[in-house]
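Structure file input-v8.cif (mmCIF, C-alpha atoms) is printed below.
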data_run
#
loop_
_atom_site.label_atom_id
_atom_site.label_comp_id
_atom_site.auth_asym_id
_atom_site.auth_seq_id
_atom_site.Cartn_x
_atom_site.Cartn_y
_atom_site.Cartn_z
CA MET A 282 -30.55 -17.96 -19.96
CA LEU A 283 -30.59 -14.33 -18.85
CA ILE A 284 -27.46 -12.46 -19.90
CA LYS A 285 -26.88 -9.32 -17.87
CA SER A 286 -25.04 -6.41 -19.48
CA PRO A 287 -22.42 -4.79 -17.24
CA PRO A 288 -23.41 -1.37 -15.83
CA SER A 289 -21.65 1.77 -16.98
CA TRP A 290 -19.20 1.76 -14.08
CA ALA A 291 -18.03 -1.84 -14.49
CA ILE A 292 -14.56 -3.02 -15.57
CA SER A 293 -13.22 -6.41 -16.45
CA GLU A 294 -11.88 -8.70 -13.75
CA SER A 295 -8.38 -8.49 -15.22
CA ASP A 296 -8.27 -4.77 -14.53
CA VAL A 297 -8.65 -5.13 -10.76
CA THR A 298 -5.36 -4.49 -8.98
CA PRO A 299 -4.29 -7.30 -6.62
CA GLU A 300 -4.15 -6.78 -2.86
CA SER A 301 -0.40 -7.42 -2.76
CA VAL A 302 0.32 -4.40 -4.91
CA TYR A 303 -1.41 -2.12 -2.46
CA LEU A 304 -0.06 -3.64 0.71
CA ASN A 305 3.44 -2.67 -0.41
CA ARG A 306 2.66 0.92 -1.23
CA ARG A 307 4.86 3.19 0.87
CA LYS A 308 2.88 6.32 0.14
CA PHE A 309 0.25 5.22 2.64
CA MET A 310 2.64 6.21 5.41
CA ALA A 311 3.15 9.70 4.03
CA GLY A 312 1.67 12.73 5.77
CA THR A 313 1.17 13.78 9.36
CA VAL A 314 -1.50 12.59 11.76
CA ALA A 315 -4.10 15.32 12.14
CA ALA A 316 -5.26 16.61 15.46
CA THR A 317 -8.91 16.04 14.75
CA ALA A 318 -10.72 12.84 13.85
CA ALA A 319 -12.34 14.35 10.78
CA MET A 320 -8.95 15.05 9.22
CA ALA A 321 -6.95 12.19 10.73
CA MET A 322 -4.78 9.90 8.65
CA PRO A 323 -5.29 6.22 9.53
CA VAL A 324 -2.86 5.06 12.23
CA LEU A 325 -1.66 1.68 11.07
CA GLY A 326 -1.06 -0.15 14.29
CA ARG A 327 -1.33 -3.89 14.63
CA ALA A 328 -4.95 -4.84 14.03
CA SER A 329 -6.57 -7.42 16.28
CA GLU A 330 -8.66 -9.63 14.01
CA GLY A 331 -10.63 -11.60 16.61
CA ARG A 332 -10.32 -15.05 15.11
CA THR A 333 -6.80 -16.43 15.04
CA ALA A 334 -6.56 -15.10 11.50
CA SER A 335 -8.94 -14.19 8.74
CA GLN A 336 -9.69 -17.34 6.77
CA PRO A 337 -9.67 -17.59 2.96
CA LEU A 338 -13.09 -17.82 1.32
CA ASN A 339 -14.27 -19.59 -1.81
CA TYR A 340 -16.02 -17.13 -4.07
CA ALA A 341 -16.61 -16.06 -7.65
CA LYS A 342 -15.65 -12.60 -8.86
CA ALA A 343 -18.68 -10.60 -9.99
CA ALA A 344 -16.97 -8.44 -12.58
CA GLU A 345 -20.17 -6.53 -13.32
CA TYR A 346 -19.99 -5.12 -9.78
CA SER A 347 -16.63 -3.43 -9.82
CA THR A 348 -14.99 -0.04 -10.31
CA GLU A 349 -12.00 1.34 -12.17
CA GLU A 350 -10.75 3.12 -9.04
CA GLU A 351 -7.81 1.91 -6.97
CA LEU A 352 -8.59 -0.42 -4.08
CA THR A 353 -7.98 0.92 -0.59
CA PRO A 354 -5.12 -1.07 0.99
CA TYR A 355 -6.20 -3.90 3.27
CA LYS A 356 -4.33 -2.39 6.19
CA ALA A 357 -6.21 0.89 5.84
CA VAL A 358 -9.58 -0.84 5.51
CA THR A 359 -8.96 -2.83 8.70
CA SER A 360 -7.29 -0.09 10.76
CA TYR A 361 -9.58 2.93 10.21
CA ASN A 362 -13.19 2.32 11.13
CA ASN A 363 -16.28 3.65 12.83
CA PHE A 364 -17.58 0.89 15.09
CA TYR A 365 -18.71 2.67 18.24
CA GLU A 366 -19.34 -0.61 20.02
CA PHE A 367 -15.58 -0.61 20.60
CA GLY A 368 -14.93 3.13 21.03
CA THR A 369 -15.17 6.44 19.23
CA SER A 370 -11.61 6.62 17.90
CA LYS A 371 -11.05 5.35 14.36
CA GLU A 372 -8.35 3.04 15.73
CA ASP A 373 -10.43 1.62 18.60
CA PRO A 374 -12.14 -1.15 16.59
CA ALA A 375 -8.83 -2.61 15.42
CA ARG A 376 -7.43 -2.21 18.92
CA TYR A 377 -10.26 -3.78 20.88
CA ALA A 378 -12.53 -5.87 18.62
CA GLY A 379 -10.37 -8.98 18.96
CA GLY A 380 -12.16 -9.84 22.19
CA MET A 381 -15.47 -10.45 20.41
CA SER A 382 -16.40 -14.08 19.77
CA VAL A 383 -17.96 -14.59 16.33
CA ASP A 384 -18.04 -18.38 16.05
CA PRO A 385 -20.65 -19.76 16.35
CA TRP A 386 -23.00 -16.98 15.20
CA SER A 387 -26.74 -16.92 14.71
CA VAL A 388 -29.23 -14.41 13.33
CA ILE A 389 -32.83 -14.06 14.55
CA VAL A 390 -35.34 -13.53 11.75
CA GLU A 391 -38.77 -12.29 12.81
CA GLY A 392 -41.77 -10.18 11.89
CA GLU A 393 -43.79 -10.25 8.68
CA CYS A 394 -42.25 -13.28 6.97
CA GLU A 395 -43.01 -16.96 6.54
CA LYS A 396 -39.56 -18.25 7.45
CA ALA A 397 -39.05 -16.67 10.87
CA GLY A 398 -36.65 -18.39 13.24
CA THR A 399 -33.11 -18.42 14.54
CA TYR A 400 -30.59 -19.27 11.84
CA ALA A 401 -26.99 -20.32 12.12
CA LEU A 402 -25.02 -17.99 9.88
CA GLU A 403 -24.21 -20.80 7.44
CA ASP A 404 -27.88 -21.73 7.13
CA LEU A 405 -28.98 -18.13 6.62
CA LEU A 406 -26.63 -17.74 3.66
CA SER A 407 -26.86 -21.26 2.21
CA PRO A 408 -26.94 -22.37 -0.56
CA ARG A 409 -25.79 -19.18 -2.27
CA GLN A 410 -22.39 -19.03 -3.97
CA TYR A 411 -20.30 -16.25 -2.46
CA GLN A 412 -19.42 -13.34 -4.74
CA GLU A 413 -16.71 -10.70 -4.66
CA ARG A 414 -18.05 -7.23 -5.36
CA ILE A 415 -15.88 -4.13 -5.40
CA TYR A 416 -17.81 -1.16 -4.05
CA ARG A 417 -17.06 2.41 -3.08
CA LEU A 418 -17.76 3.21 0.58
CA ARG A 419 -18.54 6.85 1.41
CA CYS A 420 -18.65 7.88 5.08
CA VAL A 421 -20.91 10.74 6.15
CA GLU A 422 -17.75 12.30 7.63
CA ALA A 423 -16.52 12.95 4.07
CA TRP A 424 -13.91 10.22 3.70
CA SER A 425 -14.15 7.20 1.45
CA MET A 426 -12.64 3.84 0.51
CA VAL A 427 -12.87 1.26 -2.29
CA ILE A 428 -13.29 -2.24 -0.88
CA PRO A 429 -13.54 -5.74 -2.41
CA TRP A 430 -16.31 -7.37 -0.34
CA VAL A 431 -17.22 -11.07 -0.34
CA GLY A 432 -20.76 -12.16 0.40
CA VAL A 433 -24.24 -12.67 -1.04
CA PRO A 434 -26.94 -10.38 -2.46
CA LEU A 435 -29.34 -9.31 0.27
CA ALA A 436 -32.25 -9.85 -2.12
CA ASP A 437 -31.46 -13.56 -2.36
CA VAL A 438 -31.58 -14.00 1.41
CA ILE A 439 -34.79 -11.99 1.71
CA ALA A 440 -36.47 -14.03 -1.02
CA ARG A 441 -35.77 -17.25 0.86
CA LEU A 442 -37.25 -15.79 4.05
CA LYS A 443 -40.51 -15.09 2.17
CA PRO A 444 -41.65 -11.70 3.50
CA ARG A 445 -45.40 -11.12 3.57
CA SER A 446 -47.15 -8.26 1.78
CA LYS A 447 -47.25 -6.25 5.03
CA ALA A 448 -43.44 -6.13 5.10
CA LYS A 449 -42.57 -2.64 3.86
CA TYR A 450 -39.24 -2.30 5.63
CA VAL A 451 -36.35 -4.47 6.79
CA TYR A 452 -34.89 -3.74 10.23
CA PHE A 453 -31.38 -4.80 11.30
CA GLU A 454 -29.79 -4.98 14.72
CA THR A 455 -26.17 -5.30 15.85
CA LEU A 456 -24.97 -7.55 18.66
CA HIS A 457 -25.49 -6.05 22.11
CA ASP A 458 -22.90 -7.50 24.47
CA PRO A 459 -21.21 -4.95 26.75
CA GLU A 460 -18.84 -7.58 28.15
CA GLN A 461 -17.30 -8.05 24.71
CA MET A 462 -17.95 -4.56 23.33
CA ARG A 463 -16.34 -1.98 25.58
CA GLY A 464 -18.00 0.97 23.84
CA GLN A 465 -21.43 -0.31 24.89
CA ARG A 466 -20.51 -0.01 28.55
CA SER A 467 -19.02 3.45 28.22
CA LEU A 468 -20.64 6.14 30.39
CA PHE A 469 -20.07 8.61 27.55
CA SER A 470 -21.93 6.71 24.83
CA VAL A 471 -24.71 8.63 23.07
CA ILE A 472 -26.15 5.53 21.39
CA ASP A 473 -29.14 3.69 22.83
CA TRP A 474 -27.82 0.16 22.29
CA PRO A 475 -28.23 -2.03 20.37
CA TYR A 476 -27.32 -0.26 17.14
CA ARG A 477 -30.29 -0.24 14.76
CA GLU A 478 -30.65 0.29 11.02
CA GLY A 479 -33.27 -0.22 8.35
CA LEU A 480 -34.05 -0.15 4.66
CA ARG A 481 -37.23 0.25 2.67
CA MET A 482 -38.12 -3.07 1.08
CA ASP A 483 -37.38 -1.91 -2.45
CA GLU A 484 -33.96 -0.68 -1.30
CA ALA A 485 -33.23 -4.01 0.36
CA MET A 486 -34.21 -5.86 -2.82
CA ASN A 487 -32.06 -3.65 -5.05
CA GLU A 488 -29.32 -5.51 -6.92
CA LEU A 489 -26.55 -3.57 -5.13
CA ALA A 490 -27.60 -4.33 -1.53
CA PHE A 491 -25.17 -6.92 -0.18
CA LEU A 492 -24.52 -9.01 2.92
CA ALA A 493 -20.76 -9.24 3.35
CA ILE A 494 -18.96 -11.97 5.25
CA GLY A 495 -15.49 -11.11 3.98
CA LEU A 496 -13.19 -8.61 2.32
CA TYR A 497 -10.08 -9.05 0.20
CA GLY A 498 -11.00 -12.73 -0.22
CA LYS A 499 -10.88 -13.49 3.51
CA THR A 500 -13.39 -13.57 6.35
CA LEU A 501 -14.24 -10.19 7.85
CA PRO A 502 -11.97 -9.02 10.64
CA ASN A 503 -13.95 -8.26 13.78
CA GLN A 504 -13.35 -4.53 13.45
CA ASN A 505 -15.04 -4.54 10.04
CA GLY A 506 -18.26 -6.10 11.29
CA ALA A 507 -17.58 -9.83 11.54
CA PRO A 508 -19.05 -12.19 10.86
CA ILE A 509 -21.80 -10.55 8.76
CA ARG A 510 -22.57 -6.95 7.84
CA LEU A 511 -24.72 -5.01 5.43
CA VAL A 512 -23.21 -3.07 2.50
CA VAL A 513 -25.39 -0.49 0.72
CA PRO A 514 -22.86 1.42 -1.40
CA TRP A 515 -25.12 4.28 -2.55
CA LYS A 516 -25.73 5.33 1.07
CA TYR A 517 -23.48 6.80 3.74
CA GLY A 518 -21.47 4.21 5.61
CA PHE A 519 -23.45 4.28 8.87
CA LYS A 520 -26.31 2.52 7.02
CA SER A 521 -24.06 -0.52 6.46
CA ILE A 522 -24.71 -2.04 9.87
CA LYS A 523 -22.12 -4.44 11.31
CA SER A 524 -22.22 -7.73 13.27
CA ILE A 525 -25.89 -8.38 12.53
CA VAL A 526 -27.84 -10.56 14.97
CA ARG A 527 -31.43 -9.67 14.09
CA ILE A 528 -33.44 -9.13 10.90
CA ARG A 529 -37.06 -8.06 11.26
CA PHE A 530 -39.66 -7.48 8.54
CA VAL A 531 -41.97 -4.64 9.57
CA GLU A 532 -44.85 -2.59 8.22
CA GLU A 533 -43.89 0.73 9.81
CA ARG A 534 -40.62 2.55 9.15
CA PRO A 535 -38.20 1.67 11.96
CA LYS A 536 -36.29 4.30 13.91
CA THR A 537 -32.56 4.00 13.27
CA SER A 538 -29.77 4.77 15.72
CA TRP A 539 -28.30 7.95 14.24
CA GLU A 540 -31.75 9.18 13.29
CA MET A 541 -32.71 8.92 16.97
CA ILE A 542 -29.52 10.62 18.16
CA ALA A 543 -29.58 13.61 15.79
CA PRO A 544 -32.50 13.61 13.33
CA GLU A 545 -31.57 17.03 12.00
CA GLU A 546 -28.19 15.64 10.89
CA TYR A 547 -28.79 11.97 10.01
CA GLY A 548 -31.90 10.89 8.17
CA PHE A 549 -33.36 7.46 7.52
CA PHE A 550 -32.43 7.36 3.84
CA ALA A 551 -28.85 8.68 4.13
CA ASN A 552 -28.24 8.62 0.38
CA VAL A 553 -24.87 10.03 -0.67
CA ASN A 554 -25.76 13.47 -2.00
CA PRO A 555 -23.31 16.33 -2.64
CA GLU A 556 -26.29 18.66 -3.08
CA VAL A 557 -27.30 18.31 0.57
CA ASP A 558 -24.62 19.34 3.06
CA HIS A 559 -24.33 18.04 6.58
CA PRO A 560 -25.24 20.89 8.98
CA ARG A 561 -21.60 21.04 10.09
CA TRP A 562 -19.66 20.33 6.89
CA SER A 563 -19.90 20.15 3.13
CA GLN A 564 -20.70 16.90 1.36
CA LYS A 565 -19.46 18.14 -2.02
CA ARG A 566 -16.11 16.38 -1.74
CA GLU A 567 -14.45 13.53 0.16
CA ARG A 568 -11.01 12.33 1.20
CA ARG A 569 -10.20 9.08 -0.56
CA LEU A 570 -8.08 7.06 1.86
CA PRO A 571 -5.21 6.70 2.31
CA SER A 572 -4.63 10.40 2.91
CA GLY A 573 -2.95 12.80 5.30
CA LEU A 574 -2.50 16.48 5.95
CA LEU A 575 0.21 16.75 3.31
CA SER A 576 -1.70 14.64 0.80
CA PRO A 577 -5.43 14.91 1.61
CA ASN A 578 -6.45 13.25 -1.67
CA TRP A 579 -9.70 15.20 -2.08
CA ILE A 580 -12.10 14.09 -4.82
CA LYS A 581 -15.57 15.26 -5.82
CA THR A 582 -18.50 13.40 -4.33
CA VAL A 583 -20.97 11.97 -6.85
CA LYS A 584 -24.69 11.64 -6.16
CA PHE A 585 -25.66 8.17 -4.95
CA ASN A 586 -21.90 7.54 -4.70
CA GLY A 587 -21.83 6.95 -8.45
CA TYR A 588 -24.56 4.28 -8.46
CA GLY A 589 -27.38 6.45 -9.75
CA GLU A 590 -28.01 4.19 -12.74
CA GLN A 591 -28.97 1.38 -10.38
CA VAL A 592 -30.79 3.26 -7.62
CA ALA A 593 -32.07 6.68 -8.75
CA GLY A 594 -35.42 5.16 -9.73
CA LEU A 595 -36.04 4.17 -6.11
CA TYR A 596 -36.42 7.85 -5.20
CA LYS A 597 -38.29 9.19 -8.22
CA GLY A 598 -40.44 12.14 -7.19
CA MET A 599 -38.91 12.40 -3.72
CA ASP A 600 -37.44 15.62 -2.37
CA LEU A 601 -34.01 14.31 -1.36
CA ALA A 602 -33.21 17.48 0.57
CA ARG A 603 -36.20 16.77 2.78
CA HIS A 604 -35.89 12.98 2.77
CA TYR A 605 -32.14 12.95 3.47
#
If you took the structure in this file and wrote it as structure tokens, what would it be?
Amino acid sequence: MLIKSPPSWAISESDVTPESVYLNRRKFMAGTVAATAAMAMPVLGRASEGRTASQPLNYAKAAEYSTEEELTPYKAVTSYNNFYEFGTSKEDPARYAGGMSVDPWSVIVEGECEKAGTYALEDLLSPRQYQERIYRLRCVEAWSMVIPWVGVPLADVIARLKPRSKAKYVYFETLHDPEQMRGQRSLFSVIDWPYREGLRMDEAMNELAFLAIGLYGKTLPNQNGAPIRLVVPWKYGFKSIKSIVRIRFVEERPKTSWEMIAPEEYGFFANVNPEVDHPRWSQKRERRLPSGLLSPNWIKTVKFNGYGEQVAGLYKGMDLARHY
């Protein structure tokens, strides 16, 4: 039996603070709402969760994938999001995502693999036991959260789909349904829908890459990417594509949405890197939410979001300022 030693950033399960403690924290309401989105404090209106309510999940806690940092309150995680399919404001996903139907849900698998086909979500993930993993999430806009996700390792799903040797990359696609997703029918949208993302095969097979179907022990709210999303914690948040409907194994590197919109600002790799600033702001620090103008809660950004031990080897010899 293989016994896996916990990584350097792991803590014991008993040290994780329960959700209830954070939901009652009054300090989250402190501060003043900023005038600009980059400095805005989350507005905690009533979140629309799509399904009647998020449903409890059966899962095992993976204590080796945790962090000693405080969890971001559930209300903040579900009320402050980038999900442009529903609008460009951080509050738009919680406000409008409830209209999206996520049950039933299927994912098309295609390209260079032996097990191509259309899979019901349950079949795609079966028979894997769900895990809870607590990961840091760092947005390219220089704010961050700490979230307890529930799901399965991406590597396990890929292994069952049996990619061929030609498969060098994994491509992901978000649902395209303008009737349900008001942002997709906006005349002001800069995104060529559907939203697209991709990983190099060795990145997708890394132990940290995760397919999440829940957070805080319950099914994902629509605004957080229900019913299935990618989580790659060493990369900026836009790589963690939401509401996945297509997985394609390809030989050539796929073009991703933000790379197509502004390639000088958003690269394919998008690794968290304080040594490489965004052209319009520094990446050397981040606002850990909850925060506000009076309590911005700035912390230093760590390369690979603190997961260098697990992922630095993937980029050995690469110029990360060039391959950003």
Spell out the residues picked by the PyMOL selection byres ((chain A and resi 454) around 9) here, as number ranges by chain. A: 452-453, 455-457, 475-479, 522-529
Ground truth for the PyMOL selection byres ((chain A and resi 351) around 8), written as a PyMOL selection string: chain A and resi 298+349-350+352-353+427
Quiz prompt | Nearest to A:Asp404, chosen from A:Ala490, A:Ala378, A:Val383, A:Leu442, with only C-alpha atoms counted in the distances | solution =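 Checking each of A:Ala490, A:Ala378, A:Val383, A:Leu442 against A:Asp404, counting only C-alpha atoms, the winner is A:Leu442.
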* Distance of atom CA of A:Ser387 from atom CA of A:Glu540, expressed in Å to one decimal place ->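 Result for atom CA of A:Glu540 versus atom CA of A:Ser387: 26.6 Å, one decimal.
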From atom CA of A:Leu406 to atom CA of A:Gly392 the spacing works out at 18.8 Å
